[in-house]
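The structure appears right after this line, and notes come after that.
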Amino acid sequence: MSDFEQGITLVLGPEDGESIWQPKPSTGFIVNKINPYNSPFDNFSTGLQILEPGAHIRRHAHERQHEILFCYRGEGYAEIGEDRHELAEESMMLIGRGVQHKVVNTGTGQMRLLWIISPPGLEDWFRALGRLKQPGDGEAPVFERPANIAEIEKQQRFVRGID
């Protein structure tokens with residue numbers, strides 16, 4: 001054993017975390033797993049995003065955040081900057097701050113993504129856009145983004161993309 005103090009451990013099961021339905025075009029839901037609100041770590045947050053067939057994450061960039069996306073189920077593509085990348089299970093993307101990106105589910109089933117972002121804040125974005133998902137909820141509801149989306153984007157330091 002070294003002279004260093006051991007860190008903490010968090011173990012979250014499949015149903016653990018705050019689940020939030022997402023509006024069109026990202027029809028599906030996210031799960032905020034680890035973030036500064038539920039852990040002592042304040043330099044990153046992580047969670048899951050589930051996109052229903054045909055859904056996509058709109059083109060956008062993060063003003064100050066770097067993001068890792070890992071596709072662990074489904075297929076589709078990502079547009080990152082000017083390039084298009086086909087996505088399959090076990091595809092991973094590192095997207096630096098200010099880089100425009102979009103993810104599209106072209107498969108017949110759900111696309112499931114793990115996201116890690118630093119510094120944290122994506123969890124606040126999802127809360128501002130979505131609706132709390134309760135255990136046992138059925139299919140993903142289809143609803144529009146909030147009317148004050150421009151204000152939310154500015155507050156959350158999102159850089160709007162051109163779709």
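Chain labels follow the order of the structure tokens: the first chain is A, the next B, and so on; residue numbering restarts at 1 in every chain, and ligands are counted from 1 in their shown order.
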- Write out as a VMD selection string which residues come within 8 Å of range 144-159 of chain A when counting only C-alpha atoms, dropping same-chain ones fewer than 2 positions away. chain A and resid 23 to 24 60 to 64 98 121 to 122 124 to 125 128 to 130 142 161
- chain A: residues DSSP assigns to helix (DSSP H, G or I), reported as a PyMOL selection string: chain A and resi 122-129+149-156
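Straight-line separation from CA of Leu12 in chain A to CA of Lys33 in chain A: 7.5 Å.
Residue nearest Glu89 in chain A within the list A:Val31, A:Met111, A:Ile8, A:Ile20: A:Met111 [criterion: smallest interatomic distance, only C-alpha atoms].
When only C-alpha atoms are used to compute distances to Gly28 in chain A, the closest of the residues A:Cys71, A:Leu114, A:Val11, A:Ile57 turns out to be A:Ile57.
Relative to CA of Val103 in chain A, CA of His85 in chain A is found at 9.5 Å.
Distance check against Ser19 in chain A using only C-alpha atoms: of A:Asn105, A:Ser118, A:Gln110, A:Gln134, the minimum falls on A:Gln134.
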- Message: Measuring between only C-alpha atoms, which one of A:Phe4, A:Glu75, A:Ala88, A:Glu18 shows the shortest distance to Ala55 in chain A?
- Response: A:Glu75
- Task: Pick out the residues sitting within 8 Å of Ser45 in chain A, and hand them over as a ChimeraX atom specification; count only C-alpha atoms, and ignore anything fewer than 2 positions along from it in its own chain.
- Result: /A:33-36,42-43,47,116-123
With N, CA and C atoms kept, could you save the residues just selected as a compact mmCIF listing (two decimals), in the first residue's frame?
```
# COMPACT_ATOMS: atom_id res chain seq x y z
N LYS A 33 -25.71 10.14 -14.21
CA LYS A 33 -25.15 9.13 -13.32
C LYS A 33 -24.27 9.76 -12.23
N ILE A 34 -23.14 10.33 -12.62
CA ILE A 34 -22.21 10.90 -11.64
C ILE A 34 -21.96 12.35 -12.01
N ASN A 35 -22.14 13.24 -11.03
CA ASN A 35 -21.94 14.67 -11.26
C ASN A 35 -21.66 15.34 -9.92
N PRO A 36 -21.34 16.62 -9.92
CA PRO A 36 -21.04 17.30 -8.66
C PRO A 36 -22.20 17.33 -7.66
N ASP A 42 -15.91 17.43 -8.73
CA ASP A 42 -16.48 18.63 -9.34
C ASP A 42 -15.83 18.99 -10.67
N ASN A 43 -15.07 18.06 -11.26
CA ASN A 43 -14.40 18.39 -12.52
C ASN A 43 -14.92 17.61 -13.72
N GLY A 47 -23.01 10.28 -17.78
CA GLY A 47 -24.35 9.72 -17.82
C GLY A 47 -24.57 8.94 -19.09
N ILE A 116 -19.23 11.50 -21.12
CA ILE A 116 -18.39 12.03 -20.05
C ILE A 116 -18.01 13.43 -20.49
N ILE A 117 -18.23 14.41 -19.63
CA ILE A 117 -17.96 15.79 -20.02
C ILE A 117 -17.20 16.51 -18.91
N SER A 118 -16.25 17.33 -19.34
CA SER A 118 -15.44 18.09 -18.39
C SER A 118 -15.18 19.49 -18.94
N PRO A 119 -15.40 20.52 -18.15
CA PRO A 119 -15.99 20.49 -16.81
C PRO A 119 -17.46 20.09 -16.88
N PRO A 120 -18.06 19.78 -15.72
CA PRO A 120 -19.44 19.32 -15.69
C PRO A 120 -20.42 20.42 -16.10
N GLY A 121 -21.68 20.03 -16.23
CA GLY A 121 -22.72 20.98 -16.57
C GLY A 121 -23.77 20.41 -17.50
N LEU A 122 -23.44 19.34 -18.22
CA LEU A 122 -24.39 18.76 -19.15
C LEU A 122 -25.65 18.28 -18.42
N GLU A 123 -25.48 17.86 -17.17
CA GLU A 123 -26.63 17.42 -16.38
C GLU A 123 -27.64 18.55 -16.20
```
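All residues of protein, DNA or RNA that reach within 9 Å of Thr27 in chain A, judged by only C-alpha atoms and not counting those fewer than 4 positions away in the chain, are Trp21, Gln22, Pro23, Ile50, Leu51, Glu52, Pro53, Gly54, Ala55, His56, Ile57, Ala140, Pro141, Val142 and Phe143 of chain A.
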